[in-house]
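The structure under discussion appears below in the form of C-alpha cells.
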Amino acid sequence: MPPHFSRSAAARRALAAAVSGIALLAAAPAFAQDSGSTTDTASNDSPAGNEIIVTAQFRAQNVQDTPLAITAVDSAMLAARNQTDLSQVAAQAPNVQLTQMGGAFGSSMAAYIRGIGQYDFNPAYEPGVGLYVDDVYYATLTGNVLDLLDLDRVEVLRGPQGTLTGRNSIGGAIKLFSKKPDADNSGSIEAAYGSRDRTDLRASMNFKLTDNLFARVAGVYKHQDGYVDQVDYGCANPGNSLGITANPSTGKDCVTDKLGEKNYAGLRGALRWTPDDKLDWTVTGDYTYENRTASAGVLTVDDTSKTDGVNFICGKYCTYANWYVPAGGQVDQPYYMPNKTMFKGWGVSSDMTYSLNDDIELKSITAYRAYHETFGTDDDYTPDPNITGAGYDDLKFHFFSQELRLNAKLGSFADLTVGGYYNDEKTTYFTRQDIRYIDYAINGYQQTPTTGDFYLQFMGNDPVNANSKAVFGTVILHPTSALNITAGIRYTKEHKDYTFVRKSLDGGTLVDPFGVGLLDGTVANYDGHRVDWRISADYHVTDDVMAYATVSTGFKGGGVVARPFTRNQAVNGAFDPETLTAYEFGVKTAFFGRRVHANFATFYNDYKNIQLPISDCSILDEVPAGTDTNTCAAITNAGDGHMYGAEFEFNATPIDGLDIDATLSWIDGAWDRIDDVVGGSIKIGDPITTPNWRWSFGIQYKADLGASGSLTPRFDINGLSKESLGRLTLNSPLDYNPAYALANARLTWKDKDEDLAVSLEVQNLFDKYYLLPLRFSALYATAGTVYSNVGRPREWAISVKKSF
C-alpha cells in the first residue's frame with residue numbers, strides 16, 4: 001500500500017497544555033484580589049455607542065475626527081459579535097473581502113479592498129492590502145489567517161495608504177492592535193464547545209511586575225473537525241469502470257478524512273517598561289502553530305470528456321479527491337501527497353516611543369518574523385489516475401523590518417510626521433510537481449513510451465530575496481480651528497530576485513523536450529522606485545459634522561514571473577508596479593448627543609498597469625506575436641481600468657442597552673484597456689470588480705436582570721450580490737456565484753459583577769449553502785475539472801468566560 005504522510009498529535013496536545021497553563025496562571029491571583037479588582041472586559045456594554053480612538057494618522061484621534069474611510073472595531077464589538085478571525089470582521093466592513101484560499105494555496109488568505117488586492121501566495125508577488133499587527137508589517141499572504149487573540153481593536157483603512165503606513169499599500173490596510181501590558185493584575189479564561197467537537201480555549205493574564213514594568217501573556221487553542229467528507233472512490237463505487245479499488249484501511253462509511261478542519265494554537269507574550277513619562281518600550285514575542293486538513297474543497301465542474309467519461313462530482317459536502325500519485329515516469333512506486341497543511345510561525349518585535357519634549361516624539365518599530373509551511377495539493381481534485389496533478393510545497397520565510405518615525409507638534413498651526421522604513425525578506429520555496437494531464441499538442445511535454453501519457457515531473461528549490469526602502473512625511477496644517485489640510489509624500493525603492501531551481505525528482509538534471517530543465521540556475525531580477533503622495537482637506541461644519549476630500553496615489557510592487565515554463569519567460573518576465581490615483585469625498589456625522597453616528601464616503605479609482613495573467617508569452621519568449629506554442633502562466637502589466645463606489649456606515653444607541661450597527665457599500669467600474677496577450681480570458685466588457693453590493697446589519701439589547709445580572713440577545717446578518725468567477729473557456733459566458741446572506745445569533749448572560757459570562761451562539765443560522773469566490777479552474781482546459789471552497793454550514797457553540 002502506498003505510504004501516507006501522517007500528522008503528529010503531540011504538538012497539538014503540547015500547545016493545548018500551554019494554553020491551559022496560561023488559564024491556570026490567570027486563575028491563580030484571583031483569590032488574592034478583592035471584589036473591586038479591575039477586569040479586562042469592556043466597561044461599556046454598548047459597543048455601537050463607543051467612540052473608538054485610532055492611530056491611522058500616527059497620532060491618537062477619535063475615529064469620527066479622522067479624515068479617512070476607516071472601519072474601527074474595538075474589543076467590546078468583537079466579543080459581542082463573537083468574531084475570532086479576521087475574515088469575520090471583513091464581512092461587516094464596506095467593500096472589504098478576505099477569503100481563505102483553497103488547498104493549492106496553503107494557509108493563506110486573499111485580501112481585497114475596493115476591488116484591489118492579491119490572491120496568489122507566491123513570494124514573487126506583492127499583497128495589494130497591507131496587514132499589520134501592532135504596526136509590524138506582514139509581508140506575504142501566507143500566514144495571515146490570524147486569530148483575533150487578545151486584541152484591543154481592529155482598524156480597516158480603505159484606499160491607498162502609502163504615506164500613512166510603514167509599507168506601501170495600494171488598496172488599503174488592515175491593522176490589528178493587541179492589548180498592551182498595564183498596571184492591573186487581571187486576566188480572563190474562556191472555553192467553548194460546539195458542533196463537530198469544536199473545542200476552543202482562550203486565556204490572558206496581565207501582571208504588574210514593578211511600578212514601571214508590566215507583562216501580559218495570552219494563548220489560544222482551537223480544534224474542530226472538518227465538514228467536507230473525503231470519500232474513498234473505490235469504496236463508494238465498487239466495480240467502477242476505472243478499476244479503482246478501495247484502500248484497505250478505509251472504514252465502512254468510505255470516509256477517509258474530513259476537510260476544512262481547524263487545528264490552531266497561538267501564544268503571545270509582551271513586556272512593557274515605562275521608567276518615566278518619556279519612555280514607553282514594549283517587547284513582544286508570538287508563536288503560531290497550525291496543522292489541519294486541506295481547505296473544504298468540493299468539485300463543482302467536471303468535463304467527463306476529459307475524465308475518462310466518469311463524473312467525479314461527489315456532492316455538496318464531499319469529495320473524491322485523494323492526493324494519490326500512481327507510478328509512472330520518474331516515479332517507481334505509487335505514493336500519497338499529504339492532504340494536510342502545516343504552518344509554524346513566530347516573531348519578535350520592539351516598539352519604543354520616546355518623548356523628547358511635550359511636542360516631539362520619536363518612535364522605533366523593529367521586528368523579525370519567520371515561518372515554515374508545508375502542504376500538499378491534488379490539483380485535478382479527482383481520483384482518476386490517468387489525469388494526476390499533484391504537488392508538495394515547502395516554504396521557509398525570514399523577514400526583518402525597521403521603521404523610524406518622528407512626530408512633532410509645531411505649535412497650534414501644524415502636526416508633522418517624518419519617517420523611514422526598511423525591510424529585507426528571504427524565502428526558500430521548495431516544490432515537487434507531478435503533472436500528468438497536459439495535452440502534447442498544446443504543450444509539448446515528454447511522452448512516456450509505455451502509456452502514451454505526457455508527464456512533467458520536477459523538483460524546485462527556489463531562493464527568493466526582496467527588500468524595500470522608503471522615506472515618508474506627512475504634515476497636517478490647521479489654518480483655522482475647523483479646517484485641516486493634510487499633505488503627504490513617500491519615496492520607495494525596491495528590489496526582488498528569484499533563482500529558479502529545476503531538477504528531476506531525484507535531484508539530478510532534468511531533461512525534457514520542452515526545456516523546463518533549462519531554467520535551472522536562472523536568476524530573474526526586478527528593481528523599481530516610485531513616488532506617492534496624498535493631499536486632503538477636512539472641515540468641521542459643527543462639532544458633530546465633518547466633511548473631507550482626498551486625492552492620493554499608491555502602488556503594488558512589481559516583480560518577476562513566478563511560474564515560467566521557459567528560460568526566456570523568466571529572464572524577460574519582470575513586470576512593473578500597478579498604480580492607482582484615488583479620489584475620495586466623505587462626511588462623518590453624529591446626532592442626538594452622539595448616540596447616533598452615520599458616515600458616508602464616495603470614491604473614484606484610476607487604476608493603471610494592472611498586473612494580469614496572460615496566455616500568450618510570445619514577447620517573453622522572443623517569437624512573433626501569436627506564434628508561441630509554449631505554456632504561459634506569466635503575469636504582466638496588461639490592463640487599465642477605473643472603479644467607483646459609495647460606502648455607508650451607521651451605529652446607534654437609541655436607548656440605553658439597545659445597539660444597532662449597519663453598513664452598505666456599492667462598487668462598479670470598467671476596463672479601459674486589456675492587451676491582446678491576456679488572450680480573451682478577460683474581455684473589455686467584463687466586470688472589473690465584483691460583487692457590486694455588500695451589506696451588514698446587527699442589533700443587540702442588554703436586558704438588566706438586577707441581582708441576576710443581564711441577558712443580551714444579538715443578531716447579525718451580512719450579505720453580498722452575485723460575484724463573477726470568470727469564464728472557463730475563451731468563448732464561454734461568465735460564471736457567477738449567486739447572491740447570498742449569512743446570519744448569526746448569540747445569547748449572552750452575565751452575572752451582576754460582569755466577571756462571568758455564558759453564551760450560546762449559532763453561526764450561519766439558516767444553514768445557507770454557499771461557495772467562496774476564487775475557484776481553482778487553472779486545470780479546466782487540460783483536466784476538465786474545477787473545484788471551490790464551500791462555506792461552513794450551520795454551527796452552534798456554548799462558551800463560558802471568567803474575568804478576574
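Following the order of the C-alpha cells, first chain is A, next is B, and so on, with residues numbered from 1 inside each chain and ligands from 1 in the order they appear.
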Once DSSP has gone over the backbone, tell me which residues of segment 684-724 of chain A are in strand (DSSP E), as a count of residues only. 24
Using only C-alpha atoms for the distances, tell me which of A:Arg81, A:Arg369, A:Arg530, A:His478 is nearest to Thr288 of chain A.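 Checking each of A:Arg81, A:Arg369, A:Arg530, A:His478 against Thr288 of chain A, counting only C-alpha atoms, the winner is A:Arg369.
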Set the distance at 6 Å and use only C-alpha atoms: which residues neighbour Tyr392 of chain A once local chain neighbours fewer than 4 positions away are removed? I'd like the list as a list of chain:residue names.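 The contact residues come out as A:Phe375, A:Gly376, A:Thr431, A:Arg432.
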Would you mind exporting the chosen residues as a CSV table (one decimal), in the first residue's frame, restricted to all heavy atoms?
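What landed in again35.csv:
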chain,number,residue,atom,x,y,z
A,375,PHE,N,2.5,21.9,2.6
A,375,PHE,CA,1.1,21.5,2.2
A,375,PHE,C,1.2,20.7,0.9
A,375,PHE,O,2.1,20.9,0.1
A,375,PHE,CB,0.1,22.6,2.1
A,375,PHE,CG,0.5,23.7,1.0
A,375,PHE,CD1,0.0,23.6,-0.3
A,375,PHE,CD2,1.4,24.7,1.4
A,375,PHE,CE1,0.3,24.6,-1.2
A,375,PHE,CE2,1.7,25.7,0.4
A,375,PHE,CZ,1.2,25.6,-0.9
A,376,GLY,N,0.3,19.8,0.7
A,376,GLY,CA,0.2,19.0,-0.5
A,376,GLY,C,-1.1,19.4,-1.3
A,376,GLY,O,-2.0,20.0,-0.7
A,431,THR,N,9.4,22.9,-4.0
A,431,THR,CA,8.2,22.3,-4.6
A,431,THR,C,8.5,21.0,-5.3
A,431,THR,O,9.6,20.9,-5.9
A,431,THR,CB,7.5,23.3,-5.5
A,431,THR,OG1,6.2,22.7,-5.9
A,431,THR,CG2,8.3,23.6,-6.8
A,432,ARG,N,7.6,20.1,-5.2
A,432,ARG,CA,7.7,18.8,-6.0
A,432,ARG,C,6.4,18.7,-6.8
A,432,ARG,O,5.3,18.7,-6.3
A,432,ARG,CB,7.8,17.6,-5.1
A,432,ARG,CG,7.8,16.2,-5.8
A,432,ARG,CD,7.7,15.1,-4.7
A,432,ARG,NE,7.6,13.8,-5.4
A,432,ARG,CZ,8.6,12.9,-5.5
A,432,ARG,NH1,9.8,13.2,-5.1
A,432,ARG,NH2,8.3,11.8,-6.1
Have a look at atom CA of Asp332 of chain A and atom CA of Asp380 of chain A and let me know their distance in Å, one decimal.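 Atom-to-atom, atom CA of Asp332 of chain A to atom CA of Asp380 of chain A, that is 21.3 Å.
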Might you pull out every residue within 8 Å of segment 737-739 of chain A, with only C-alpha atoms counted and same-chain residues fewer than 3 positions away left off, and present them as a PDB file with N, CA and C atoms, in the first residue's frame?
ATOM      1  N   GLY A 719     -24.503  40.225   3.818  1.00  0.00           N
ATOM      2  CA  GLY A 719     -24.771  39.638   2.514  1.00  0.00           C
ATOM      3  C   GLY A 719     -24.029  40.351   1.405  1.00  0.00           C
ATOM      4  N   LEU A 720     -24.072  39.750   0.229  1.00  0.00           N
ATOM      5  CA  LEU A 720     -23.445  40.342  -0.947  1.00  0.00           C
ATOM      6  C   LEU A 720     -24.217  39.926  -2.193  1.00  0.00           C
ATOM      7  N   SER A 721     -24.027  40.694  -3.257  1.00  0.00           N
ATOM      8  CA  SER A 721     -24.682  40.398  -4.528  1.00  0.00           C
ATOM      9  C   SER A 721     -23.873  39.352  -5.286  1.00  0.00           C
ATOM     10  N   LYS A 722     -24.353  38.971  -6.464  1.00  0.00           N
ATOM     11  CA  LYS A 722     -23.671  37.918  -7.219  1.00  0.00           C
ATOM     12  C   LYS A 722     -22.231  38.333  -7.526  1.00  0.00           C
ATOM     13  N   GLU A 723     -21.367  37.327  -7.645  1.00  0.00           N
ATOM     14  CA  GLU A 723     -19.935  37.581  -7.775  1.00  0.00           C
ATOM     15  C   GLU A 723     -19.374  36.809  -8.961  1.00  0.00           C
ATOM     16  N   SER A 724     -18.676  37.516  -9.843  1.00  0.00           N
ATOM     17  CA  SER A 724     -18.127  36.892 -11.049  1.00  0.00           C
ATOM     18  C   SER A 724     -16.986  35.943 -10.695  1.00  0.00           C
ATOM     19  N   LEU A 725     -16.983  34.781 -11.360  1.00  0.00           N
ATOM     20  CA  LEU A 725     -15.911  33.801 -11.208  1.00  0.00           C
ATOM     21  C   LEU A 725     -15.043  33.705 -12.456  1.00  0.00           C
ATOM     22  N   LEU A 771     -20.667  28.888  -1.872  1.00  0.00           N
ATOM     23  CA  LEU A 771     -19.279  28.666  -2.271  1.00  0.00           C
ATOM     24  C   LEU A 771     -18.499  29.958  -2.134  1.00  0.00           C
ATOM     25  N   PRO A 773     -15.529  32.657  -3.186  1.00  0.00           N
ATOM     26  CA  PRO A 773     -15.040  33.077  -4.510  1.00  0.00           C
ATOM     27  C   PRO A 773     -13.647  32.511  -4.781  1.00  0.00           C
TER      28      PRO A 773
END
